[in-house]
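Heads up: the structure comes next, in structure tokens.
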Amino acid sequence: MITERLGKELLFFDGGMGTLLQEKGLLPGELPETWNITHADEITDIHRQYFEAGSDIVLTNTFGANALKFQDDTFPLKDIIDTAVRNAKKAALFADIEDRETYIALDIGPTGKLLKPMGDLDFETAYETFKEVAVLGEEAGADLIHIETMSDTYEVKAAVLAAKENTSLPVFVTLIFDERGKLLTGADVPSVVAMLEGLRVNALGINCGLGPKQMLPILSQIAEYTSLPIIVKPNAGLPKQRDGVTYYDVSPAEFAKTMEEIVKKGAVLVGGCCGTTPEHIREMIAAVCDFPAVPCTPKGRTIVSSYGRSIEIGTGSKIIGERINPTGKKKFKEALKEHRIDYIIKEGIAQEEAGAHILDVNVGLPDIDEVAMMKEVIQQLQSVTSLPLQIDTVDVNAMEAAMRIYNGKPMINSVSGKKDSMNQVFPLIKKYGGVVVGLTLDENGIPDTAQGRLEIAKKILASAALYGIEKKDIIIDVLCMTISSEPNGAKTTLEALHLIKNTLGVQTVLGVSNISFGLPNRPIINSNFYTMAMQQGLSVGIINPLSEEMMKSYYAYHALVNLDENCEHYISHYANQELSGLTVIGEHKGELTLQSIIEKGLKDDATRITQTLLETNEPLDIINQELIPALDVVGRGFEKGTVFLPQLLMSAEAAKNAFAVIKDVIARSGAPAEHMDKVVLATVKGDIHDIGKNIVKVLLENYSFDVIDLGKDVPPELIVQTVLEQEVKLVGLSALMTTTVVSMEETIRLLRKEAPDCKVMVGGAVLNQDYADMIGADFYGKDAMQSVYYAQKLFS
């Protein structure tokens, strides 16, 4: 088994497939996976070359093989995968490799679609798509599953669960990061590592998108955070063109030289991606084969994450916002019963703006479907905030349902020292990943002493270890009893905090406000107790971040113990604030402007506020003074990396709702419709990956462009025909795969001939400015907003 060798020695992957297939005659728009059947000897020969170059692991030619791409019986998916595995096995059998042990990895690439709520692909549909491929791959005889070139943590999660729940094969995962160390959907390295380690993959890393030198900083981050074996598979630099032929600008010798540094920095599974050849792999292996494998060391970091943000617990104290919880909140209970999700979303946004690091989510009421409500609230919150969430429920079914569809590694509240609780919750943590709150109570209740609570904490940790759950994924809640009925409650809690933190070295959490239940002016007690708890080792406080008293305690404590460098956070919050008496914000007050509603992605509110504004304002004034400024703010944030793709798309949806109301009013008034400049968008022939194209479409439409979306796998002739018939002056082309960039070039060449006045903008993971210039594009958009700016400039 390959798992016995992981991390103990260097193992070598193969290199690129697409560029080699093009050299062998793969036509523009032709699906590479069909060659498993139609050109089996050619595929086998490529695999053989890699085995003889020294590859231990060769990937099947199945990157795009899934039911979304192969939907008819012309090339049945089962036949594609069966022959792909058979070709690789045949290559291993006939390769001149003596007795070297080799492995066949089932290659699984992305679907090319965004999952809901960002896109239109349901999580479970994606899961079933990947499941079919994984099952067929194992049945065909693959030795492991390699999920690669992923740009969305949500899609990765669906793929990993599909592989692990339905096969017995080891699972490797690599993702495509940009030079900032971000995925397309916003995830950074720590959040990716946290989620994948929680899902218990066998190895993880990076592939595609960048050359070996550009991957070095990202590798350093991965090595800092992961305890798993690291995979690195760079491109052979950047794609260029010579005499009409695409090539990559990093030679085998240059590639091998940088791979030496990559191995020294901790990668133990190395290979190549786009543009690399058997010669690249041969020279790489010759350069590093005698290097020792850098040992995988436990990092012990307690991290929770979302699709776009990671929070490490243990440095200073962190805040969990407590307000998404019906306990003691009449308005919140009413909102739950009336299914007013917008009220819940606003509570989350308000707490994020007030300084919360994590949001608690509790929607448990006797007369609602908690499973359905928990799933909906989790998904809606994750569409407007990048904060990690704490799934707070005693209903195990609701807990599992939420953990399954959560995008990231959540906190889970909670498990107790009761045997039944641990037997129910720990299997879920093992399966889905998460940082779980351990309550220091068991069948005998809550111990009166700190020592008693320590013993339960030990029992929780010992039981977790039996499931393979490390101490880093347990946060102990020593519980606090109200001092109105338990006079020594605070003293016992503080003693237990100190004892457990220092004896077990585990992170701690408290629901701080419980201490004052039944007393007047509770923020006075809460804020002072909060400071005392942090001093005794409280890692995370579940508090109301809208309480100014609690936040004053938080910022003052961190400044006093030098956890706020140069008191920067304290000064930024209080430098211009006059000292006042007791303040409890309590509710998030004040009507939001349409601009702020759109920036926050509140779709329902955007419709309502727009209708109100139209009673006293001209439609064009609303567009120019509210809608466009909001979209500009979000767009600039996206470019800077402070706004993530889900937020960008939800803001676009909110703006779309507002535009719809305005357009309806204009139409009913009989006023002539505003002229809209036309833009044709298409994913080029042979490519089914339309994520980038769809993002550009949403944004262009919100900036009042008339978008003609031709979809994916679009022949050049159809694009040209549409341009001529519709008199279009701008075309946007997208491609993800190296094998389909030639279709992009062919399309541009035909447009130049038939519609020379039409401008062409291009984008996609395999493109860069130099390559866009070489294929004759007028503009290369590094991200969706740049394409919008180009369109605005062109038509202005």
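Here, A, B, ... name the chains of the structure tokens in the order displayed, residue numbers run from 1 inside each chain, and ligands are numbered from 1 in the same displayed order.
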
Item to check | Residue neighbourhood range 88-92 of chain A, 10 Å, only C-alpha atoms, exclusion window fewer than 2 positions, as a ChimeraX atom specification | outcome: /A:36,40-41,43-52,56,58-61,83-86,94-97,100-106,141-142

Write a file of the selected residues as a compact mmCIF listing (two decimals), in the first residue's frame, keeping N, CA, C and O atoms.
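Below you can see part.txt, which holds the result:
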```txt
# COMPACT_ATOMS: atom_id res chain seq x y z
N ASN A 36 -8.71 7.46 -24.57
CA ASN A 36 -8.52 6.19 -23.86
C ASN A 36 -9.04 5.03 -24.71
O ASN A 36 -8.50 3.92 -24.67
N ALA A 40 -5.89 4.20 -27.68
CA ALA A 40 -5.39 3.56 -26.46
C ALA A 40 -3.87 3.38 -26.48
O ALA A 40 -3.20 3.59 -25.46
N ASP A 41 -3.32 3.04 -27.63
CA ASP A 41 -1.86 2.82 -27.70
C ASP A 41 -1.09 4.11 -27.45
O ASP A 41 -0.02 4.09 -26.83
N ILE A 43 -2.11 6.68 -25.56
CA ILE A 43 -2.20 6.97 -24.13
C ILE A 43 -1.27 6.06 -23.35
O ILE A 43 -0.53 6.50 -22.45
N THR A 44 -1.28 4.78 -23.68
CA THR A 44 -0.40 3.82 -23.01
C THR A 44 1.06 4.22 -23.18
O THR A 44 1.86 4.12 -22.23
N ASP A 45 1.41 4.69 -24.35
CA ASP A 45 2.80 5.09 -24.61
C ASP A 45 3.22 6.27 -23.75
O ASP A 45 4.35 6.31 -23.24
N ILE A 46 2.32 7.24 -23.57
CA ILE A 46 2.65 8.37 -22.69
C ILE A 46 2.86 7.90 -21.26
O ILE A 46 3.83 8.30 -20.59
N HIS A 47 1.96 7.05 -20.78
CA HIS A 47 2.13 6.50 -19.42
C HIS A 47 3.47 5.76 -19.31
O HIS A 47 4.19 5.90 -18.30
N ARG A 48 3.77 4.95 -20.31
CA ARG A 48 5.02 4.18 -20.29
C ARG A 48 6.23 5.10 -20.19
O ARG A 48 7.18 4.84 -19.42
N GLN A 49 6.21 6.19 -20.97
CA GLN A 49 7.33 7.13 -20.93
C GLN A 49 7.53 7.70 -19.52
O GLN A 49 8.66 7.87 -19.06
N TYR A 50 6.43 7.98 -18.84
CA TYR A 50 6.55 8.52 -17.48
C TYR A 50 7.07 7.47 -16.50
O TYR A 50 7.92 7.77 -15.65
N PHE A 51 6.59 6.23 -16.63
CA PHE A 51 7.12 5.18 -15.76
C PHE A 51 8.62 5.01 -15.98
O PHE A 51 9.39 4.90 -15.02
N GLU A 52 9.04 5.03 -17.22
CA GLU A 52 10.47 4.84 -17.52
C GLU A 52 11.30 6.07 -17.15
O GLU A 52 12.51 5.95 -16.93
N ASP A 56 6.70 7.10 -9.91
CA ASP A 56 6.11 6.03 -9.09
C ASP A 56 4.60 6.00 -9.25
O ASP A 56 3.97 4.94 -9.14
N VAL A 58 1.37 7.27 -11.64
CA VAL A 58 0.91 7.79 -12.93
C VAL A 58 -0.60 7.99 -12.86
O VAL A 58 -1.33 7.12 -12.37
N LEU A 59 -1.05 9.14 -13.35
CA LEU A 59 -2.48 9.48 -13.31
C LEU A 59 -3.18 8.95 -14.56
O LEU A 59 -2.65 9.06 -15.66
N THR A 60 -4.36 8.42 -14.36
CA THR A 60 -5.17 8.00 -15.50
C THR A 60 -5.62 9.22 -16.29
O THR A 60 -5.71 10.33 -15.76
N ASN A 61 -5.91 9.02 -17.55
CA ASN A 61 -6.37 10.11 -18.43
C ASN A 61 -7.87 10.30 -18.23
O ASN A 61 -8.68 10.06 -19.12
N THR A 83 -11.05 1.76 -19.50
CA THR A 83 -9.92 1.74 -20.43
C THR A 83 -8.79 2.64 -19.96
O THR A 83 -7.61 2.34 -20.19
N ALA A 84 -9.12 3.73 -19.26
CA ALA A 84 -8.07 4.61 -18.73
C ALA A 84 -7.19 3.87 -17.73
O ALA A 84 -5.95 3.96 -17.78
N VAL A 85 -7.82 3.16 -16.81
CA VAL A 85 -7.06 2.39 -15.82
C VAL A 85 -6.30 1.26 -16.51
O VAL A 85 -5.12 0.99 -16.20
N ARG A 86 -6.95 0.59 -17.45
CA ARG A 86 -6.31 -0.52 -18.15
C ARG A 86 -5.08 -0.05 -18.94
O ARG A 86 -4.04 -0.71 -18.96
N PHE A 94 4.53 -3.13 -19.23
CA PHE A 94 5.49 -3.23 -20.32
C PHE A 94 6.63 -2.22 -20.23
O PHE A 94 7.56 -2.26 -21.04
N ALA A 95 6.56 -1.33 -19.24
CA ALA A 95 7.64 -0.35 -19.08
C ALA A 95 8.90 -1.02 -18.57
O ALA A 95 8.86 -2.01 -17.82
N ASP A 96 10.03 -0.46 -18.96
CA ASP A 96 11.32 -0.98 -18.52
C ASP A 96 11.67 -0.34 -17.17
O ASP A 96 12.40 0.64 -17.10
N ILE A 97 11.10 -0.91 -16.10
CA ILE A 97 11.28 -0.32 -14.77
C ILE A 97 11.74 -1.36 -13.75
O ILE A 97 11.66 -1.13 -12.54
N ARG A 100 10.48 -2.04 -9.74
CA ARG A 100 10.02 -0.89 -8.97
C ARG A 100 8.50 -0.94 -8.77
O ARG A 100 7.75 -1.18 -9.72
N GLU A 101 8.07 -0.70 -7.54
CA GLU A 101 6.63 -0.69 -7.25
C GLU A 101 6.02 0.60 -7.77
O GLU A 101 6.51 1.70 -7.47
N THR A 102 4.95 0.48 -8.51
CA THR A 102 4.30 1.65 -9.08
C THR A 102 2.81 1.66 -8.74
O THR A 102 2.25 0.63 -8.33
N TYR A 103 2.17 2.83 -8.95
CA TYR A 103 0.77 3.00 -8.55
C TYR A 103 0.00 3.73 -9.64
O TYR A 103 0.53 4.64 -10.29
N ILE A 104 -1.25 3.35 -9.79
CA ILE A 104 -2.15 4.00 -10.73
C ILE A 104 -3.12 4.87 -9.94
O ILE A 104 -3.86 4.38 -9.09
N ALA A 105 -3.09 6.17 -10.22
CA ALA A 105 -3.96 7.11 -9.52
C ALA A 105 -5.13 7.49 -10.42
O ALA A 105 -4.92 7.94 -11.55
N LEU A 106 -6.34 7.30 -9.93
CA LEU A 106 -7.52 7.77 -10.66
C LEU A 106 -7.55 9.29 -10.59
O LEU A 106 -7.69 9.86 -9.51
N GLY A 141 -9.63 -0.92 -10.83
CA GLY A 141 -8.33 -1.34 -10.31
C GLY A 141 -7.36 -0.23 -9.96
O GLY A 141 -6.16 -0.49 -9.78
N ALA A 142 -7.83 1.01 -9.85
CA ALA A 142 -6.95 2.10 -9.44
C ALA A 142 -6.43 1.86 -8.02
O ALA A 142 -7.11 1.25 -7.18
```

Checklist entry - Near range 388-394 of chain A, within 6 Å and counting only C-alpha atoms, which residues show up once chain neighbours fewer than 6 positions away are dropped, as an MDAnalysis selection string? => result chainID A and resid 305:306 358:362 410:413

Item to check | Point-to-point distance in Å for CA of Val133 in chain A and CA of Ile108 in chain A | outcome: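 Interatomic distance, CA of Ile108 in chain A to CA of Val133 in chain A: 7.8 Å.
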
Next on the checklist: So that I can check the secondary structure, give me every residue of range 530-567 of chain A assigned helix (DSSP H, G or I) by backbone DSSP, as a list in words.
Outcome noted: Tyr530, Thr531, Met532, Ala533, Met534, Gln535, Glu548, Glu549, Met550, Met551, Lys552, Ser553, Tyr554, Tyr555, Ala556, Tyr557, His558, Ala559, Leu560, Glu565, Asn566 and Cys567 of chain A

Next on the checklist: So that I can see what lies close to range 480-492 of chain A, please list as a ChimeraX atom specification the residues with an atom at most 7 Å from it, counting only C-alpha atoms and leaving out residues fewer than 3 positions away in the same chain.
Outcome noted: /A:449-450,495-496,514-519

Item to check | Which residue of A:Leu228, A:Leu736, A:Val561, A:Val304 approaches Gly109 in chain A most closely, using only C-alpha atoms | outcome: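 Among the listed residues, the smallest separation from Gly109 in chain A belongs to A:Leu736.
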
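Remark: for Ile542 in chain A, the closest of the candidate residues A:Lys213, A:Arg323, A:Arg301, A:His39 is A:Arg323 (distances computed over only C-alpha atoms).
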
Item to check | Near-Gly181 in chain A list (7 Å; only C-alpha atoms; drop same-chain fewer than 5 positions) as a list in words | outcome: Asp188, Val189 and Ile218 of chain A

All heavy atoms of the current selection, written as a JSON list (two decimals), in the first residue's frame:
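Once everything was written out, this is again-v5.json:
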```
[["chain", "number", "residue", "atom", "x", "y", "z"],
["A", 188, "ASP", "N", -7.71, 30.67, 1.82],
["A", 188, "ASP", "CA", -6.27, 30.77, 1.97],
["A", 188, "ASP", "C", -5.71, 29.41, 2.37],
["A", 188, "ASP", "O", -6.45, 28.44, 2.57],
["A", 188, "ASP", "CB", -5.89, 31.85, 2.99],
["A", 188, "ASP", "CG", -6.52, 31.61, 4.37],
["A", 188, "ASP", "OD1", -7.10, 30.53, 4.60],
["A", 188, "ASP", "OD2", -6.42, 32.51, 5.23],
["A", 189, "VAL", "N", -4.39, 29.33, 2.48],
["A", 189, "VAL", "CA", -3.74, 28.05, 2.77],
["A", 189, "VAL", "C", -4.20, 27.45, 4.10],
["A", 189, "VAL", "O", -4.56, 26.27, 4.15],
["A", 189, "VAL", "CB", -2.20, 28.20, 2.73],
["A", 189, "VAL", "CG1", -1.52, 26.98, 3.33],
["A", 189, "VAL", "CG2", -1.74, 28.40, 1.29],
["A", 218, "ILE", "N", 3.93, 29.54, -1.48],
["A", 218, "ILE", "CA", 2.72, 28.82, -1.07],
["A", 218, "ILE", "C", 3.10, 27.51, -0.39],
["A", 218, "ILE", "O", 2.50, 27.12, 0.62],
["A", 218, "ILE", "CB", 1.81, 28.58, -2.29],
["A", 218, "ILE", "CG1", 1.41, 29.93, -2.89],
["A", 218, "ILE", "CG2", 0.57, 27.80, -1.90],
["A", 218, "ILE", "CD1", 0.80, 29.83, -4.27]]
```

Long-range neighbours of Glu254 in chain A as a compact mmCIF listing (two decimals) with N, CA, C and O atoms, in the first residue's frame, 10 Å cut-off, only C-alpha atoms, 5 positions minimum in chain:
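After the write, result.txt holds the following:
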```
# COMPACT_ATOMS: atom_id res chain seq x y z
N PRO A 212 7.29 26.43 -10.94
CA PRO A 212 7.89 25.97 -9.68
C PRO A 212 8.35 27.09 -8.76
O PRO A 212 8.16 27.02 -7.55
N LYS A 213 8.95 28.14 -9.31
CA LYS A 213 9.43 29.23 -8.45
C LYS A 213 8.26 29.95 -7.79
O LYS A 213 8.35 30.36 -6.62
N ALA A 236 5.30 23.83 -16.14
CA ALA A 236 6.65 24.13 -16.66
C ALA A 236 6.71 25.61 -17.03
O ALA A 236 7.00 25.99 -18.17
N GLY A 237 6.39 26.46 -16.06
CA GLY A 237 6.43 27.90 -16.30
C GLY A 237 5.17 28.41 -16.96
O GLY A 237 4.06 27.93 -16.68
N ASP A 249 7.88 27.79 -20.86
CA ASP A 249 9.20 28.44 -20.88
C ASP A 249 10.19 27.97 -19.81
O ASP A 249 11.26 28.54 -19.67
N MET A 259 12.92 22.30 -8.32
CA MET A 259 12.32 21.20 -7.57
C MET A 259 13.23 20.73 -6.43
O MET A 259 12.75 20.19 -5.42
N HIS A 280 11.18 16.40 -18.21
CA HIS A 280 11.13 17.19 -16.97
C HIS A 280 11.16 16.28 -15.75
O HIS A 280 11.87 16.54 -14.77
N GLU A 283 14.67 14.50 -15.28
CA GLU A 283 15.71 15.37 -14.73
C GLU A 283 15.40 15.75 -13.28
O GLU A 283 16.31 15.88 -12.46
N MET A 284 14.11 15.93 -12.96
CA MET A 284 13.74 16.21 -11.57
C MET A 284 14.15 15.06 -10.66
O MET A 284 14.76 15.27 -9.58
```

Next on the checklist: Residues within 12 Å of range 149-151 of chain A, please, as a PyMOL selection string. Count only C-alpha atoms; anything in the same chain fewer than 5 positions from it doesn't count.
Outcome noted: chain A and resi 63-64+107-115+156-160+172-178+181-189+192+204-210+232-235+273-274+307-308+645+689+691-692+736-737+765-766

Next on the checklist: Considering only C-alpha atoms, can you say which of A:Leu27, A:Ile623, A:Phe12, A:Ala655 comes closest to Ala606 in chain A?
Outcome noted: A:Ala655

Checklist entry - Quick one: DSSP strand (DSSP E or B) residues in range 215-346 of chain A, as a ChimeraX atom specification? => result /A:230-233,239-242,245-248,267-270,302-305,310-313,318-321

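The closest residue to Lys600 in chain A, picked from A:Glu148, A:Asp770, A:Glu353, A:Asp367 and counting only C-alpha atoms, is A:Glu353.
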
Next on the checklist: Residues near range 238-241 of chain A, anyone? I mean within 10 Å using only C-alpha atoms, not counting same-chain ones fewer than 5 positions away, as a PyMOL selection string.
Outcome noted: chain A and resi 209-211+246-250+274-275+738+766-775

Checklist entry - So, counting only C-alpha atoms, which residue among A:Asn423, A:Thr153, A:Thr19, A:Thr167 is closest to Ala140 in chain A? => result A:Thr167

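For the choices A:Ser191, A:Gln647, A:Gln351, A:Gln424, the atom-to-atom distance to Pro545 in chain A is smallest for A:Gln351 when using only C-alpha atoms.
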